[in-house]
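Asker: Contents of upload-v6.cif (mmCIF, C-alpha atoms):
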data_upload
loop_
_atom_site.label_atom_id
_atom_site.label_comp_id
_atom_site.auth_asym_id
_atom_site.auth_seq_id
_atom_site.Cartn_x
_atom_site.Cartn_y
_atom_site.Cartn_z
CA MET A 20 206.02 156.35 74.82
CA SER A 21 209.44 156.76 73.19
CA LYS A 22 210.49 154.29 70.49
CA TYR A 23 213.99 153.26 69.39
CA GLY A 24 214.64 151.36 66.18
CA LEU A 25 217.52 150.19 64.00
CA GLU A 26 218.45 153.69 62.83
CA PHE A 27 218.86 154.81 66.44
CA LEU A 28 221.06 151.80 67.20
CA ALA A 29 223.12 152.34 64.04
CA ASN A 30 223.91 155.88 65.14
CA LYS A 31 224.88 154.71 68.64
CA HIS A 32 226.63 151.44 67.79
CA PRO A 33 227.42 151.07 64.06
CA TYR A 34 229.30 147.83 64.70
CA ILE A 35 226.27 145.94 65.96
CA PHE A 36 225.73 143.04 63.56
CA ILE A 37 222.42 142.19 61.94
CA LYS A 38 220.94 139.20 60.12
CA LEU A 39 218.02 139.90 57.78
CA ASP A 40 215.67 137.58 55.96
CA LYS A 41 217.75 136.26 53.05
CA LYS A 42 215.18 137.03 50.34
CA PHE A 43 214.76 140.64 51.50
CA LEU A 44 218.52 141.09 51.87
CA LYS A 45 219.17 139.98 48.27
CA THR A 46 216.39 142.25 47.00
CA LEU A 47 217.88 145.14 48.98
CA ILE A 48 221.44 144.62 47.70
CA ASN A 49 220.30 144.08 44.12
CA GLU A 50 218.41 147.37 44.16
CA ALA A 51 221.45 149.11 45.61
CA VAL A 52 223.31 148.28 42.36
CA ASN A 53 220.20 149.13 40.25
CA ASN A 54 219.71 145.46 39.37
CA LYS A 55 222.24 145.98 36.55
CA GLU A 56 225.43 144.69 38.09
CA ASN A 57 226.50 141.68 40.07
CA PRO A 58 226.90 143.18 43.56
CA ILE A 59 229.63 140.67 44.40
CA THR A 60 231.86 141.62 41.46
CA SER A 61 230.95 145.32 41.27
CA LYS A 62 234.00 147.45 42.12
CA SER A 63 231.94 150.68 42.19
CA PHE A 64 229.55 149.14 44.73
CA ALA A 65 232.46 148.10 46.95
CA ILE A 66 233.82 151.65 46.81
CA LYS A 67 230.43 153.12 47.79
CA LEU A 68 230.37 150.80 50.81
CA ASP A 69 234.01 151.50 51.75
CA CYS A 70 234.73 147.78 51.48
CA LYS A 71 237.94 146.16 50.23
CA TYR A 72 237.89 144.87 46.67
CA ASN A 73 239.96 141.84 45.68
CA HIS A 74 241.37 142.73 42.25
CA LYS A 75 242.94 139.31 41.79
CA TRP A 76 239.62 137.49 42.12
CA GLY A 77 237.44 140.36 40.95
CA ILE A 78 235.11 140.27 43.95
CA CYS A 79 234.28 142.09 47.17
CA THR A 80 234.54 139.39 49.83
CA ALA A 81 232.42 141.26 52.38
CA VAL A 82 229.54 141.77 49.92
CA ARG A 83 229.79 138.12 48.80
CA ASN A 84 229.49 136.92 52.40
CA TRP A 85 226.58 139.23 53.20
CA TYR A 86 224.77 138.38 49.97
CA SER A 87 225.09 134.64 50.56
CA GLY A 88 224.11 134.99 54.21
CA SER A 89 227.29 133.28 55.42
CA THR A 90 228.17 136.23 57.69
CA SER A 91 226.12 138.93 59.36
CA MET A 92 226.28 142.57 58.33
CA PRO A 93 227.29 145.52 60.53
CA LEU A 94 224.72 148.29 60.87
CA TRP A 95 227.07 150.84 59.27
CA ALA A 96 227.02 148.77 56.05
CA LEU A 97 223.24 148.41 56.11
CA ASP A 98 223.02 152.19 56.52
CA LYS A 99 225.06 152.75 53.34
CA ILE A 100 223.04 150.16 51.39
CA LEU A 101 219.68 151.61 52.47
CA HIS A 102 220.76 155.04 51.21
CA LEU A 103 221.19 153.51 47.74
CA THR A 104 217.62 152.12 47.68
CA LYS A 105 214.00 153.12 48.19
CA TYR A 106 213.86 151.01 51.36
CA SER A 107 213.88 152.42 54.89
CA TRP A 108 215.06 151.33 58.33
CA LYS A 109 211.47 150.36 59.13
CA ASP A 110 211.47 148.00 56.15
CA ALA A 111 214.64 146.38 57.47
CA GLU A 112 213.07 146.01 60.94
CA LYS A 113 210.20 144.01 59.43
CA HIS A 114 212.69 141.47 58.08
CA LEU A 115 214.98 141.27 61.12
CA ILE A 116 216.06 137.80 62.24
CA TRP A 117 218.56 138.75 64.93
CA LEU A 118 221.08 141.26 66.27
CA LYS A 119 224.34 140.62 68.07
CA ALA A 120 227.34 142.61 69.32
CA GLY A 121 230.03 140.86 67.27
CA GLN A 122 230.80 137.83 65.16
CA GLN A 123 230.66 135.52 68.19
CA LYS A 124 227.45 134.04 69.60
CA GLY A 125 224.96 136.11 71.58
CA GLU A 126 222.04 136.79 69.24
CA ILE A 127 218.80 138.46 70.27
CA SER A 128 215.56 138.53 68.30
CA PRO A 129 213.70 141.65 69.46
CA LYS A 130 210.52 143.15 68.09
CA LEU A 131 211.55 146.58 66.86
CA PRO A 132 211.28 149.41 67.56
CA PHE A 133 212.03 149.15 71.28
CA GLU A 134 209.49 150.96 73.48
CA THR A 135 210.23 152.40 76.92
CA ASN A 136 207.40 150.46 78.58
CA ARG A 137 206.84 148.82 81.96
CA GLU A 138 208.99 145.82 81.06
CA PHE A 139 211.97 148.04 80.31
CA GLY A 140 211.31 149.87 83.58
CA SER A 141 211.37 146.60 85.48
CA ILE A 142 214.65 145.57 83.83
CA VAL A 143 216.34 148.89 84.65
CA GLY A 144 215.01 148.86 88.23
CA HIS A 145 216.31 145.36 88.88
CA ILE A 146 219.72 146.21 87.42
CA LEU A 147 219.89 149.25 89.72
CA GLY A 148 219.02 146.89 92.56
CA ASP A 149 220.52 143.39 92.47
CA GLY A 150 221.74 143.44 88.88
CA SER A 151 224.66 144.82 86.92
CA ILE A 152 226.07 145.54 83.48
CA ASN A 153 229.69 144.46 83.17
CA TYR A 154 232.06 147.43 82.85
CA LYS A 155 234.24 145.92 80.10
CA TYR A 156 232.06 143.42 78.24
CA LYS A 157 228.59 144.97 78.87
CA GLN A 158 226.90 141.64 79.67
CA VAL A 159 223.72 141.97 81.74
CA PHE A 160 223.48 140.08 85.02
CA PHE A 161 220.77 139.70 87.68
CA SER A 162 221.03 137.74 90.92
CA ASN A 163 218.40 136.91 93.53
CA THR A 164 216.96 134.14 95.69
CA ASP A 165 213.29 135.06 95.15
CA PRO A 166 211.73 132.94 92.36
CA ASP A 167 209.11 135.65 91.68
CA LEU A 168 211.77 138.25 90.93
CA LEU A 169 213.94 135.92 88.88
CA LEU A 170 210.90 134.96 86.80
CA GLU A 171 209.90 138.60 86.36
CA PHE A 172 213.35 139.61 85.13
CA ALA A 173 213.60 136.63 82.78
CA LYS A 174 210.14 137.27 81.32
CA CYS A 175 210.82 140.98 80.77
CA MET A 176 214.16 140.26 79.09
CA GLU A 177 212.59 137.64 76.84
CA SER A 178 209.72 139.97 75.93
CA ILE A 179 212.06 142.86 75.07
CA PHE A 180 215.08 141.07 73.63
CA GLY A 181 213.68 137.71 72.55
CA ILE A 182 216.29 135.77 74.52
CA LYS A 183 216.36 133.37 77.47
CA PRO A 184 219.04 133.64 80.18
CA ARG A 185 221.94 131.41 81.02
CA ILE A 186 220.99 130.25 84.52
CA TRP A 187 223.61 129.48 87.14
CA ILE A 188 222.98 128.32 90.70
CA GLN A 189 225.22 129.49 93.53
CA LYS A 190 226.11 127.80 96.78
CA ILE A 191 224.33 129.11 99.88
CA SER A 192 226.94 130.99 101.89
CA LYS A 193 227.36 133.74 104.47
CA TYR A 194 227.33 137.37 103.34
CA GLU A 195 231.07 137.89 103.73
CA GLU A 196 232.00 134.64 101.95
CA LYS A 197 232.68 134.49 98.24
CA ARG A 198 229.84 132.67 96.56
CA GLU A 199 230.68 129.55 94.61
CA TRP A 200 228.95 128.66 91.35
CA LEU A 201 227.51 125.15 91.59
CA LYS A 202 226.00 124.32 88.23
CA ARG A 203 224.11 125.60 85.22
CA VAL A 204 220.46 124.62 84.71
CA ASN A 205 218.11 124.97 81.77
CA SER A 206 215.01 126.24 83.58
CA LEU A 207 214.06 128.33 86.59
CA ASN A 208 211.94 125.36 87.68
CA GLN A 209 215.16 123.43 88.37
CA ILE A 210 216.39 125.88 91.02
CA PRO A 211 216.72 124.43 94.57
CA ARG A 212 214.89 126.42 97.23
CA ASN A 213 216.64 129.45 98.76
CA HIS A 214 219.70 129.15 96.54
CA PRO A 215 221.10 132.36 95.02
CA VAL A 216 220.69 132.32 91.24
CA GLY A 217 222.45 134.32 88.55
CA LEU A 218 220.85 135.15 85.19
CA PHE A 219 223.32 136.05 82.42
CA TYR A 220 222.68 137.83 79.11
CA PRO A 221 224.97 138.71 76.19
CA ARG A 222 226.77 141.97 75.41
CA ILE A 223 224.17 143.17 72.89
CA CYS A 224 221.60 143.58 75.69
CA GLY A 225 223.91 145.87 77.65
CA LEU A 226 224.69 147.93 74.54
CA VAL A 227 220.98 148.45 73.82
CA LEU A 228 220.19 149.38 77.44
CA HIS A 229 223.04 151.92 77.53
CA ALA A 230 222.07 153.33 74.14
CA ILE A 231 218.51 154.04 75.30
CA PHE A 232 218.95 154.87 78.99
CA GLY A 233 222.55 156.09 79.23
CA GLU A 234 225.24 154.35 81.30
CA PHE A 235 223.03 153.88 84.35
CA ALA A 236 224.98 150.77 85.38
CA SER A 237 228.60 150.09 84.53
CA GLY A 238 230.41 147.71 86.83
CA LYS A 239 229.88 148.90 90.41
CA ALA A 240 228.89 152.43 89.31
CA LYS A 241 225.14 153.00 89.08
CA SER A 242 223.01 156.13 88.64
CA VAL A 243 219.59 157.37 87.60
CA THR A 244 220.48 159.06 84.33
CA SER A 245 218.79 162.00 82.62
CA GLU A 246 217.42 159.54 80.06
CA ILE A 247 215.70 157.60 82.84
CA ARG A 248 214.38 160.77 84.45
CA ARG A 249 212.66 161.72 81.16
CA THR A 250 210.63 158.50 80.93
CA LYS A 251 206.88 158.28 81.50
CA ASP A 252 205.17 157.28 84.75
CA GLU A 253 204.49 153.74 83.50
CA PHE A 254 208.23 153.11 83.17
CA LYS A 255 209.12 154.84 86.46
CA SER A 256 206.49 152.92 88.42
CA ALA A 257 207.91 149.60 87.19
CA LEU A 258 211.47 150.79 87.90
CA VAL A 259 210.68 151.71 91.52
CA ARG A 260 208.71 148.49 92.01
CA ALA A 261 211.66 146.36 90.87
CA PHE A 262 214.13 148.42 92.91
CA PHE A 263 212.02 148.07 96.08
CA ASP A 264 211.54 144.35 95.41
CA ASP A 265 215.34 144.01 95.48
CA GLU A 266 216.34 146.56 98.10
CA ALA A 267 213.41 147.24 100.46
CA THR A 268 212.02 145.59 103.58
CA VAL A 269 208.45 145.91 104.89
CA TYR A 270 208.41 146.14 108.70
CA VAL A 271 204.82 145.48 109.79
CA SER A 272 205.55 145.76 113.52
CA SER A 273 207.27 149.16 113.18
CA HIS A 274 204.84 150.43 110.50
CA THR A 275 207.54 151.18 107.93
CA ILE A 276 208.74 150.41 104.42
CA ARG A 277 212.50 150.87 104.40
CA VAL A 278 214.71 150.88 101.29
CA PHE A 279 218.49 150.46 101.49
CA GLN A 280 221.30 151.44 99.15
CA ASP A 281 225.03 152.17 99.40
CA ASP A 282 224.82 155.05 96.90
CA ILE A 283 222.92 158.02 98.35
CA THR A 284 222.45 159.61 94.89
CA ILE A 285 220.29 156.69 93.78
CA LEU A 286 218.12 157.03 96.89
CA ASN A 287 217.74 160.76 96.20
CA ALA A 288 216.55 160.00 92.67
CA VAL A 289 214.13 157.32 93.90
CA GLN A 290 212.72 159.79 96.42
CA GLU A 291 212.06 162.26 93.59
CA ILE A 292 210.25 159.60 91.56
CA LEU A 293 208.10 158.62 94.55
CA PHE A 294 207.26 162.27 95.17
CA GLY A 295 206.03 162.44 91.57
CA PHE A 296 203.49 159.75 92.51
CA GLY A 297 202.42 161.71 95.59
CA ILE A 298 204.29 159.43 97.97
CA THR A 299 206.21 161.32 100.65
CA ASN A 300 209.07 159.79 102.56
CA ASN A 301 211.46 160.53 105.38
CA GLN A 302 215.00 161.87 105.31
CA ILE A 303 217.87 159.67 104.21
CA HIS A 304 219.89 158.26 107.10
CA TYR A 305 222.81 155.87 107.27
CA TYR A 306 224.54 153.36 109.48
CA ILE A 307 227.96 151.73 109.24
CA LYS A 308 228.05 148.13 108.08
CA ARG A 309 231.34 146.29 107.55
CA GLY A 310 233.23 149.56 107.53
CA LYS A 311 231.12 151.48 105.01
CA ARG A 312 228.00 153.58 104.98
CA ARG A 313 224.66 151.95 104.23
CA HIS A 314 222.01 154.56 103.39
CA TYR A 315 218.24 154.17 103.78
CA PHE A 316 214.98 156.05 104.01
CA ASN A 317 211.54 155.11 105.33
CA ILE A 318 208.03 155.40 103.98
CA SER A 319 205.43 155.67 106.71
CA GLY A 320 201.79 156.62 107.14
CA TYR A 321 198.59 154.96 105.98
CA GLY A 322 198.07 157.36 103.06
CA ASN A 323 201.54 156.68 101.70
CA PHE A 324 201.09 152.92 102.09
CA VAL A 325 197.87 152.98 100.07
CA LYS A 326 199.41 155.13 97.34
CA PHE A 327 202.44 152.83 97.22
CA TYR A 328 200.16 149.80 96.94
CA ASN A 329 198.07 151.33 94.14
CA LYS A 330 200.84 153.01 92.14
CA ILE A 331 203.96 150.91 92.81
CA SER A 332 203.32 147.67 94.79
CA PHE A 333 205.58 144.60 94.92
CA THR A 334 206.14 141.56 92.71
CA SER A 335 207.55 139.57 95.63
CA LYS A 336 204.60 137.66 97.15
CA ARG A 337 206.18 137.85 100.59
CA LYS A 338 206.62 141.64 100.49
CA LEU A 339 203.19 142.19 98.93
CA LEU A 340 201.55 140.23 101.75
CA ALA A 341 203.49 142.27 104.31
CA LEU A 342 202.38 145.50 102.61
CA ARG A 343 198.73 144.42 102.81
CA LYS A 344 199.17 143.68 106.51
CA LEU A 345 200.82 147.07 106.94
CA ILE A 346 197.86 148.84 105.32
CA SER A 347 195.34 146.85 107.34
CA SER A 348 197.10 147.46 110.66
CA ASN A 349 197.39 151.22 110.02
CA LYS A 350 193.87 151.79 108.70
CA LYS A 351 192.28 151.97 112.14
CA HIS A 352 194.69 154.75 113.13
CA PHE A 353 193.99 156.81 110.00
CA LYS A 354 191.99 159.98 110.60
CA PRO A 355 190.78 161.59 107.35
CA TYR A 356 190.79 165.38 107.19
CA LYS A 357 187.38 167.02 107.70
CA ASN A 358 186.35 170.55 106.68
#
So, in terms of structure tokens, how does the structure I just supplied come out?

Answerer:
Amino acid sequence: MSKYGLEFLANKHPYIFIKLDKKFLKTLINEAVNNKENPITSKSFAIKLDCKYNHKWGICTAVRNWYSGSTSMPLWALDKILHLTKYSWKDAEKHLIWLKAGQQKGEISPKLPFETNREFGSIVGHILGDGSINYKYKQVFFSNTDPDLLLEFAKCMESIFGIKPRIWIQKISKYEEKREWLKRVNSLNQIPRNHPVGLFYPRICGLVLHAIFGEFASGKAKSVTSEIRRTKDEFKSALVRAFFDDEATVYVSSHTIRVFQDDITILNAVQEILFGFGITNNQIHYYIKRGKRRHYFNISGYGNFVKFYNKISFTSKRKLLALRKLISSNKKHFKPYKN
């Protein structure tokens, strides 16, 4: 399982801001000046950090603010300070309080290093399905009407990033109508039945996801990146599960699991992942809906249904029940191969 810590993030996004435990931070900065100088008034220290020095007042304002804890420190500065001490990035991770993308609000409190586990797979799969990462601001968004899927996404995000979502309820409307935001609530338990719900997360979450998995979602553009393709089966299984929870339908009467997507390249990639689990599927077809192509492929056959149930499955209770019915109704038609 791949791991990604502060050093990795500093190389990708040096302007991510960090807040460390105040006692550790002071110890770190004091060692960086060999415990002989006042780090706030040291001109040589300011030069080593490439920070401006106020000659009139005889201080480095940036170092003063970091040392006092009044402002957070960018990762590029922490990198320079660590190189002047015996401490490592792992030591800094142990004393992490939060990370954020800028000086505005939007802090996360993750347990570092990040690991590409099932929870990350679920997050990425849902974003490829009914989620998004804003093209300009990189905020993470997920929308659904199924409480099981909303809860799953929220739990995975909290487990990985240590943050709860901003929850907004939308008005129930027809597909072609623009959805209206009704109100913000504090808990998923406050959501009225069958209402679309949007979960919002700050920019730092999008930056981390792109740093680890490539730009797999940026505005309307989505793809299964090379970084995603290199992940382990545990991650891929959770990704496909979340994607099918968002985009698939189980047709018990026609003995089919069908998954839909506008972008054929994503379906091709999902087919490859399923094949890696021994699950075969049919060719990709399309139909025209509201003037554009809507692609889909089917999974059929008792053996494939059982493998899908055991290796992928659904989080949605409704779809999981339908899958069980599908397996049960096809079992009597299954004829095992005999030598």

Asker: Listing only residues of segment 229-254 of chain A within 12 Å of segment 285-306 of chain A, what is the closest atom pair and its distance in Å (to one decimal) for each, using all atoms listed in the file, sorted by chain and residue number ascending, as a Markdown table?

Answerer:
| residue | atom | partner | partner_atom | distance |
| --- | --- | --- | --- | --- |
| A:Phe235 | CA | A:Ile285 | CA | 10.2 |
| A:Ala236 | CA | A:Ile285 | CA | 11.3 |
| A:Ala240 | CA | A:Ile285 | CA | 10.6 |
| A:Lys241 | CA | A:Ile285 | CA | 7.7 |
| A:Ser242 | CA | A:Ile285 | CA | 5.8 |
| A:Val243 | CA | A:Ile285 | CA | 6.3 |
| A:Thr244 | CA | A:Ala288 | CA | 9.3 |
| A:Ser245 | CA | A:Ala288 | CA | 10.5 |
| A:Ile247 | CA | A:Ala288 | CA | 10.2 |
| A:Arg248 | CA | A:Ile292 | CA | 8.3 |
| A:Arg249 | CA | A:Ile292 | CA | 10.9 |
| A:Thr250 | CA | A:Ile292 | CA | 10.7 |
| A:Lys251 | CA | A:Ile292 | CA | 10.7 |
| A:Asp252 | CA | A:Phe296 | CA | 8.3 |
| A:Glu253 | CA | A:Phe296 | CA | 10.9 |
| A:Phe254 | CA | A:Ile292 | CA | 10.8 |

Asker: Using only C-alpha atoms, determine which residues lie at most 9 Å from Val216 of chain A, disregarding the query and same-chain residues fewer than 6 positions distant; provide the list as a ChimeraX atom specification.

Answerer: /A:161-165,169,186-190,210

Asker: Between atom CA of His74 of chain A and atom CA of Thr60 of chain A, what is the distance in Å, rounded to a tenth?

Answerer: 9.6 Å

Asker: Counting all atoms listed in the file, figure out which residue out of A:Phe324, A:Trp95, A:Phe160, A:Phe219 gets nearest to Asn30 of chain A.

Answerer: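 The shortest atom-to-atom distance to Asn30 of chain A comes from A:Trp95.
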
Asker: May I ask for the distance between atom CA of Ser107 of chain A and atom CA of Lys67 of chain A, given in Å to one decimal place?

Answerer: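 Straight-line distance from atom CA of Ser107 of chain A to atom CA of Lys67 of chain A works out to 18.0 Å.
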
Asker: If you measure from atom CA of Phe36 of chain A to atom CA of His114 of chain A, what distance in Å do you get, rounded to one decimal?

Answerer: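 Interatomic distance here is 14.2 Å.
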
Asker: Any chance you could work out the residue set of the PyMOL selection byres ((chain A and resi 134) around 8) here, as a list in words?

Answerer: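 For this structure, the PyMOL selection byres ((chain A and resi 134) around 8) resolves to Met20, Ser21, Lys22, Tyr23, Pro132, Phe133, Thr135, Asn136 and Phe139 of chain A.
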
Asker: Any chance you could work out the residue set of the PyMOL selection byres ((chain A and resi 313) around 10) here, as a PyMOL selection string?

Answerer: chain A and resi 279-283+304-312+314-315

Asker: Any chance you could resolve the PyMOL selection byres ((chain A and resi 256) around 8) against this file and give the residues as a count of residues only?

Answerer: 12

Asker: Taking (225.4, 137.4, 54.6) in the file's coordinates as the center, which residues reach within 10 Å of it, counting all atoms listed in the file, put as a ChimeraX atom specification?

Answerer: /A:37-41,44-45,81-92

Asker: Would you save the residues from that selection as an mmCIF file, in the frame of the given file, using C-alpha atoms?

Answerer:
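After the write, part-v7.cif holds the following:
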data_model
loop_
_atom_site.group_PDB
_atom_site.id
_atom_site.type_symbol
_atom_site.label_atom_id
_atom_site.label_comp_id
_atom_site.auth_asym_id
_atom_site.auth_seq_id
_atom_site.Cartn_x
_atom_site.Cartn_y
_atom_site.Cartn_z
ATOM 1 C CA ILE A 37 222.420 142.190 61.940
ATOM 2 C CA LYS A 38 220.940 139.200 60.120
ATOM 3 C CA LEU A 39 218.020 139.900 57.780
ATOM 4 C CA ASP A 40 215.670 137.580 55.960
ATOM 5 C CA LYS A 41 217.750 136.260 53.050
ATOM 6 C CA LEU A 44 218.520 141.090 51.870
ATOM 7 C CA LYS A 45 219.170 139.980 48.270
ATOM 8 C CA ALA A 81 232.420 141.260 52.380
ATOM 9 C CA VAL A 82 229.540 141.770 49.920
ATOM 10 C CA ARG A 83 229.790 138.120 48.800
ATOM 11 C CA ASN A 84 229.490 136.920 52.400
ATOM 12 C CA TRP A 85 226.580 139.230 53.200
ATOM 13 C CA TYR A 86 224.770 138.380 49.970
ATOM 14 C CA SER A 87 225.090 134.640 50.560
ATOM 15 C CA GLY A 88 224.110 134.990 54.210
ATOM 16 C CA SER A 89 227.290 133.280 55.420
ATOM 17 C CA THR A 90 228.170 136.230 57.690
ATOM 18 C CA SER A 91 226.120 138.930 59.360
ATOM 19 C CA MET A 92 226.280 142.570 58.330
#

Asker: Of the candidates A:Ser237, A:Ser151, A:Thr268, A:Ser178, which shows the shortest atom-to-atom distance to Gly217 of chain A, using all atoms listed in the file?

Answerer: A:Ser151

Asker: Which is closer to Asp167 of chain A than all the others in A:Trp108, A:Asn208, A:Leu342, A:Gly225, using only C-alpha atoms?

Answerer: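 Of all the options, A:Asn208 lies closest to Asp167 of chain A.
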